[in-house]
Amino acid sequence: MNNKPYKRVLLKLSGEALMGNDSFGINRSTISNITSEISKVFDLGIEIAIVIGGGNIFRGVAPGAQGMDRATADYMGMMATIMNALALQDSLKCIGVDARVQSALNIDQVVEPYIRPKALRYLEEGKIVIFAAGTGNPFFTTDTAAALRGAEIGAEIVLKATKVDGIYSSDPKKDPSATKYSNICFDEVIVRRIEVMDATAFALCRDHNLPINVFSIYKENALKRVVSGENEGTLVHI
Ligand code: UDP
């Protein structure tokens, strides 16, 4: 807990968070609830950049992608994140929040490319920036993209939005005695192979002293509490 609001944050939103209880795709009321949680933080004047995943769309095509070349499948995954970014931008627009999408893969007719100074300018102008297409490279994840973009834009923290309200000693769905960590250090999450983010993302954040707060995006006001510096979810730190 740092007791004071953050000024600039990087929110990592997995594609799965957009599915709600559906088996794949984007659930309309779920995305509306998420954008409403984001707007509460936006209204506080906090600069927000978002890295969006693609797992929700990829689930729909996964059976057809079985046995595919890994890099090709990864490019498909990155394109899925662009679809989610557009859906999120549109949903934010519906509630009057101005957001720009920047993509790590060039798709100029649809979204502008990732240009760091321009992203920084948008943030300073009070716009949300949504980073699509992950790092632009296969064999990476959008968690790693969140760590990378977070470090690049000088975010004070990476907010990892999940369906669970933090990191537990074991899977709370299977083990009723599982306990939640209020904070845990990077070395421990890496050594214990805690899978809430991949090891590359954890290592990148650790090396740049960029803390991560894991919290539930489905819990009302949890995002607002995290950015306000309150104790919410699990803080991963050096
Ligand atoms: N991906 C990639 N490089 C990146 C980011 C993503 O190749 O830098 C691909 C990868 O196939 C991944 C998919 O895009 O599985 C969707 O991203 P991710 O699994 O991180 O999304 P999430 O699980 O957060 O929805």
# chains A, B, ... in the order shown; residues from 1 in each chain; ligands from 1
>>> residues_near_ligand(ligand="ligand 1", cutoff="8 Å", atoms="only C-alpha atoms and all ligand atoms", output="ChimeraX atom specification")
/A:12-17,52-56,58,70-71,73-81,133-145
>>> select_by_dssp(residues="stretch 85-226 of chain A", states="alpha helix (DSSP H)", output="PyMOL selection string")
chain A and resi 85-94+116-124+142-152+186-191+199-207+222-226
>>> closest_residue(among="A:Ala178, A:Asn209, A:Val214, A:Ile153", to="A:Glu195", atoms="only C-alpha atoms")
A:Val214
>>> atom_distance(atom1="atom CA of A:Lys93", atom2="atom CA of A:Val61")
28.0 Å
>>> closest_atom_pairs(of="stretch 29-72 of chain A", to="stretch 123-127 of chain A", cutoff="12 Å", atoms="only C-alpha atoms", output="Markdown table")
| residue | atom | partner | partner_atom | distance |
| --- | --- | --- | --- | --- |
| A:Ser39 | CA | A:Lys127 | CA | 11.3 |
| A:Val41 | CA | A:Gly126 | CA | 11.9 |
| A:Phe42 | CA | A:Gly126 | CA | 8.4 |
| A:Asp43 | CA | A:Gly126 | CA | 9.9 |
| A:Leu44 | CA | A:Gly126 | CA | 10.8 |
| A:Gly45 | CA | A:Gly126 | CA | 7.5 |
| A:Ile46 | CA | A:Gly126 | CA | 8.3 |
| A:Glu47 | CA | A:Leu123 | CA | 5.7 |
| A:Ile48 | CA | A:Leu123 | CA | 7.0 |
| A:Ala49 | CA | A:Leu123 | CA | 7.5 |
| A:Ile50 | CA | A:Leu123 | CA | 11.0 |
>>> write_last_selection(atoms="all heavy atoms", output="JSON list (two decimals), in the first residue's frame")
[["chain", "number", "residue", "atom", "x", "y", "z"],
["A", 39, "SER", "N", -13.65, 4.12, -16.26],
["A", 39, "SER", "CA", -14.02, 5.55, -16.29],
["A", 39, "SER", "C", -13.97, 6.17, -14.89],
["A", 39, "SER", "O", -13.66, 7.34, -14.74],
["A", 39, "SER", "CB", -15.39, 5.75, -16.93],
["A", 39, "SER", "OG", -16.40, 5.38, -16.04],
["A", 41, "VAL", "N", -11.73, 5.62, -12.72],
["A", 41, "VAL", "CA", -10.32, 5.97, -12.51],
["A", 41, "VAL", "C", -9.94, 7.16, -13.39],
["A", 41, "VAL", "O", -9.23, 8.07, -12.98],
["A", 41, "VAL", "CB", -9.46, 4.74, -12.82],
["A", 41, "VAL", "CG1", -7.99, 5.08, -12.78],
["A", 41, "VAL", "CG2", -9.77, 3.63, -11.85],
["A", 42, "PHE", "N", -10.45, 7.12, -14.61],
["A", 42, "PHE", "CA", -10.21, 8.20, -15.57],
["A", 42, "PHE", "C", -10.71, 9.53, -14.99],
["A", 42, "PHE", "O", -10.05, 10.56, -15.09],
["A", 42, "PHE", "CB", -10.94, 7.84, -16.86],
["A", 42, "PHE", "CG", -10.76, 8.83, -17.97],
["A", 42, "PHE", "CD1", -9.57, 8.88, -18.68],
["A", 42, "PHE", "CD2", -11.79, 9.71, -18.31],
["A", 42, "PHE", "CE1", -9.41, 9.79, -19.71],
["A", 42, "PHE", "CE2", -11.62, 10.62, -19.32],
["A", 42, "PHE", "CZ", -10.42, 10.66, -20.03],
["A", 43, "ASP", "N", -11.87, 9.48, -14.34],
["A", 43, "ASP", "CA", -12.46, 10.69, -13.75],
["A", 43, "ASP", "C", -11.61, 11.27, -12.62],
["A", 43, "ASP", "O", -11.77, 12.43, -12.26],
["A", 43, "ASP", "CB", -13.88, 10.40, -13.23],
["A", 43, "ASP", "CG", -14.86, 10.17, -14.37],
["A", 43, "ASP", "OD1", -14.52, 10.53, -15.52],
["A", 43, "ASP", "OD2", -15.95, 9.62, -14.12],
["A", 44, "LEU", "N", -10.74, 10.45, -12.06],
["A", 44, "LEU", "CA", -9.85, 10.96, -11.01],
["A", 44, "LEU", "C", -8.66, 11.72, -11.60],
["A", 44, "LEU", "O", -7.84, 12.26, -10.87],
["A", 44, "LEU", "CB", -9.31, 9.79, -10.15],
["A", 44, "LEU", "CG", -10.31, 8.97, -9.35],
["A", 44, "LEU", "CD1", -9.60, 7.79, -8.67],
["A", 44, "LEU", "CD2", -11.00, 9.84, -8.31],
["A", 45, "GLY", "N", -8.55, 11.70, -12.94],
["A", 45, "GLY", "CA", -7.45, 12.40, -13.60],
["A", 45, "GLY", "C", -6.18, 11.57, -13.70],
["A", 45, "GLY", "O", -5.10, 12.10, -13.96],
["A", 46, "ILE", "N", -6.31, 10.26, -13.49],
["A", 46, "ILE", "CA", -5.13, 9.39, -13.56],
["A", 46, "ILE", "C", -4.87, 9.00, -15.02],
["A", 46, "ILE", "O", -5.82, 8.73, -15.78],
["A", 46, "ILE", "CB", -5.36, 8.14, -12.68],
["A", 46, "ILE", "CG1", -5.34, 8.59, -11.21],
["A", 46, "ILE", "CG2", -4.31, 7.07, -12.93],
["A", 46, "ILE", "CD1", -5.96, 7.66, -10.26],
["A", 47, "GLU", "N", -3.62, 9.05, -15.43],
["A", 47, "GLU", "CA", -3.28, 8.69, -16.81],
["A", 47, "GLU", "C", -3.27, 7.16, -16.92],
["A", 47, "GLU", "O", -2.59, 6.48, -16.16],
["A", 47, "GLU", "CB", -1.91, 9.26, -17.18],
["A", 47, "GLU", "CG", -1.91, 10.79, -17.22],
["A", 47, "GLU", "CD", -0.55, 11.38, -17.53],
["A", 47, "GLU", "OE1", 0.41, 10.62, -17.79],
["A", 47, "GLU", "OE2", -0.44, 12.61, -17.48],
["A", 48, "ILE", "N", -4.03, 6.69, -17.90],
["A", 48, "ILE", "CA", -4.20, 5.23, -18.03],
["A", 48, "ILE", "C", -3.81, 4.75, -19.43],
["A", 48, "ILE", "O", -4.36, 5.22, -20.43],
["A", 48, "ILE", "CB", -5.68, 4.81, -17.80],
["A", 48, "ILE", "CG1", -6.25, 5.46, -16.54],
["A", 48, "ILE", "CG2", -5.82, 3.30, -17.75],
["A", 48, "ILE", "CD1", -7.77, 5.49, -16.54],
["A", 49, "ALA", "N", -2.89, 3.82, -19.46],
["A", 49, "ALA", "CA", -2.60, 3.10, -20.70],
["A", 49, "ALA", "C", -3.05, 1.66, -20.47],
["A", 49, "ALA", "O", -2.95, 1.15, -19.36],
["A", 49, "ALA", "CB", -1.11, 3.15, -21.00],
["A", 50, "ILE", "N", -3.57, 1.05, -21.52],
["A", 50, "ILE", "CA", -4.10, -0.31, -21.38],
["A", 50, "ILE", "C", -3.43, -1.23, -22.40],
["A", 50, "ILE", "O", -3.30, -0.88, -23.58],
["A", 50, "ILE", "CB", -5.63, -0.34, -21.63],
["A", 50, "ILE", "CG1", -6.35, 0.62, -20.65],
["A", 50, "ILE", "CG2", -6.18, -1.75, -21.50],
["A", 50, "ILE", "CD1", -7.85, 0.78, -20.91]]
>>> residues_around(residues="A:Arg206", least_positions_apart="2", cutoff="10 Å", atoms="only C-alpha atoms", output="MDAnalysis selection string")
chainID A and resid 147 185:187 200:204 208:212 236:238
>>> select_by_dssp(residues="stretch 9-225 of chain A", states="strand (DSSP E or B)", output="number ranges by chain")
A: 9-13, 47-52, 99-103, 112-113, 128-132, 157-162, 168, 180, 183-185, 212-216
>>> atom_distance(atom1="atom CA of A:Tyr181", atom2="atom CA of A:Val164")
12.3 Å
>>> atom_distance(atom1="atom CA of A:Tyr218", atom2="atom CA of A:Lys163")
6.3 Å
>>> closest_residue(among="A:Ala62, A:Ala132, A:Leu235, A:Leu11", to="A:Leu86", atoms="only C-alpha atoms")
A:Ala132
>>> closest_residue(among="A:Ile38, A:Ala161, A:Ile190, A:Ile31", to="A:Ile128", atoms="only C-alpha atoms")
A:Ile38
>>> residues_around(residues="stretch 107-121 of chain A", least_positions_apart="6", cutoff="8 Å", atoms="only C-alpha atoms", output="ChimeraX atom specification")
/A:101,129,131,152-153
>>> decode(residues="stretch 210-235 of chain A", atoms="N, CA, C and O atoms", output="compact mmCIF listing (two decimals), in the first residue's frame")
# COMPACT_ATOMS: atom_id res chain seq x y z
N LEU A 210 9.33 -2.11 -11.39
CA LEU A 210 7.96 -1.73 -11.74
C LEU A 210 7.01 -2.69 -11.00
O LEU A 210 6.87 -3.85 -11.39
N PRO A 211 6.38 -2.24 -9.92
CA PRO A 211 5.52 -3.15 -9.17
C PRO A 211 4.27 -3.57 -9.97
O PRO A 211 3.89 -2.89 -10.93
N ILE A 212 3.70 -4.67 -9.55
CA ILE A 212 2.48 -5.18 -10.20
C ILE A 212 1.41 -5.35 -9.13
O ILE A 212 1.71 -5.88 -8.06
N ASN A 213 0.22 -4.90 -9.41
CA ASN A 213 -0.89 -5.18 -8.49
C ASN A 213 -1.89 -6.09 -9.20
O ASN A 213 -2.42 -5.74 -10.26
N VAL A 214 -2.09 -7.27 -8.63
CA VAL A 214 -3.03 -8.23 -9.20
C VAL A 214 -4.37 -8.06 -8.48
O VAL A 214 -4.43 -8.10 -7.25
N PHE A 215 -5.43 -7.86 -9.24
CA PHE A 215 -6.74 -7.61 -8.61
C PHE A 215 -7.84 -8.12 -9.53
O PHE A 215 -7.59 -8.46 -10.69
N SER A 216 -9.07 -8.14 -8.99
CA SER A 216 -10.20 -8.60 -9.81
C SER A 216 -10.90 -7.42 -10.48
O SER A 216 -11.36 -6.50 -9.81
N ILE A 217 -11.01 -7.50 -11.79
CA ILE A 217 -11.70 -6.44 -12.54
C ILE A 217 -13.22 -6.59 -12.37
O ILE A 217 -13.98 -5.67 -12.67
N TYR A 218 -13.65 -7.76 -11.88
CA TYR A 218 -15.09 -7.98 -11.69
C TYR A 218 -15.58 -7.45 -10.34
O TYR A 218 -16.77 -7.44 -10.07
N LYS A 219 -14.65 -7.06 -9.48
CA LYS A 219 -15.04 -6.57 -8.15
C LYS A 219 -15.25 -5.05 -8.23
O LYS A 219 -14.33 -4.32 -8.60
N GLU A 220 -16.44 -4.63 -7.88
CA GLU A 220 -16.78 -3.21 -8.02
C GLU A 220 -15.82 -2.33 -7.22
O GLU A 220 -15.52 -2.62 -6.06
N ASN A 221 -15.34 -1.29 -7.88
CA ASN A 221 -14.44 -0.29 -7.28
C ASN A 221 -13.04 -0.79 -6.94
O ASN A 221 -12.24 -0.05 -6.36
N ALA A 222 -12.73 -2.06 -7.27
CA ALA A 222 -11.39 -2.58 -6.93
C ALA A 222 -10.31 -1.80 -7.69
O ALA A 222 -9.28 -1.43 -7.11
N LEU A 223 -10.55 -1.53 -8.97
CA LEU A 223 -9.56 -0.78 -9.76
C LEU A 223 -9.33 0.61 -9.15
O LEU A 223 -8.20 1.06 -9.01
N LYS A 224 -10.42 1.24 -8.76
CA LYS A 224 -10.33 2.57 -8.16
C LYS A 224 -9.52 2.51 -6.85
O LYS A 224 -8.70 3.38 -6.57
N ARG A 225 -9.77 1.48 -6.08
CA ARG A 225 -9.04 1.33 -4.82
C ARG A 225 -7.55 1.12 -5.08
O ARG A 225 -6.71 1.70 -4.41
N VAL A 226 -7.24 0.31 -6.08
CA VAL A 226 -5.82 0.05 -6.39
C VAL A 226 -5.12 1.35 -6.79
O VAL A 226 -4.06 1.68 -6.24
N VAL A 227 -5.70 2.10 -7.71
CA VAL A 227 -5.02 3.32 -8.19
C VAL A 227 -4.99 4.40 -7.12
O VAL A 227 -4.17 5.31 -7.17
N SER A 228 -5.88 4.28 -6.13
CA SER A 228 -5.87 5.25 -5.04
C SER A 228 -4.82 4.88 -3.99
O SER A 228 -4.69 5.55 -2.96
N GLY A 229 -4.11 3.78 -4.24
CA GLY A 229 -3.03 3.37 -3.33
C GLY A 229 -3.55 2.58 -2.14
O GLY A 229 -2.84 2.42 -1.14
N GLU A 230 -4.81 2.09 -2.25
CA GLU A 230 -5.35 1.32 -1.12
C GLU A 230 -4.96 -0.15 -1.26
O GLU A 230 -4.59 -0.62 -2.33
N ASN A 231 -5.09 -0.85 -0.13
CA ASN A 231 -4.75 -2.25 -0.10
C ASN A 231 -5.82 -3.07 -0.81
O ASN A 231 -6.92 -3.22 -0.28
N GLU A 232 -5.53 -3.56 -2.00
CA GLU A 232 -6.53 -4.31 -2.78
C GLU A 232 -5.78 -5.34 -3.60
O GLU A 232 -4.78 -5.02 -4.24
N GLY A 233 -6.24 -6.59 -3.58
CA GLY A 233 -5.56 -7.63 -4.33
C GLY A 233 -4.19 -7.92 -3.75
O GLY A 233 -3.98 -7.85 -2.54
N THR A 234 -3.24 -8.24 -4.63
CA THR A 234 -1.88 -8.57 -4.20
C THR A 234 -0.88 -7.67 -4.89
O THR A 234 -0.91 -7.52 -6.12
N LEU A 235 0.04 -7.11 -4.11
CA LEU A 235 1.09 -6.26 -4.67
C LEU A 235 2.36 -7.11 -4.83
O LEU A 235 2.82 -7.72 -3.86
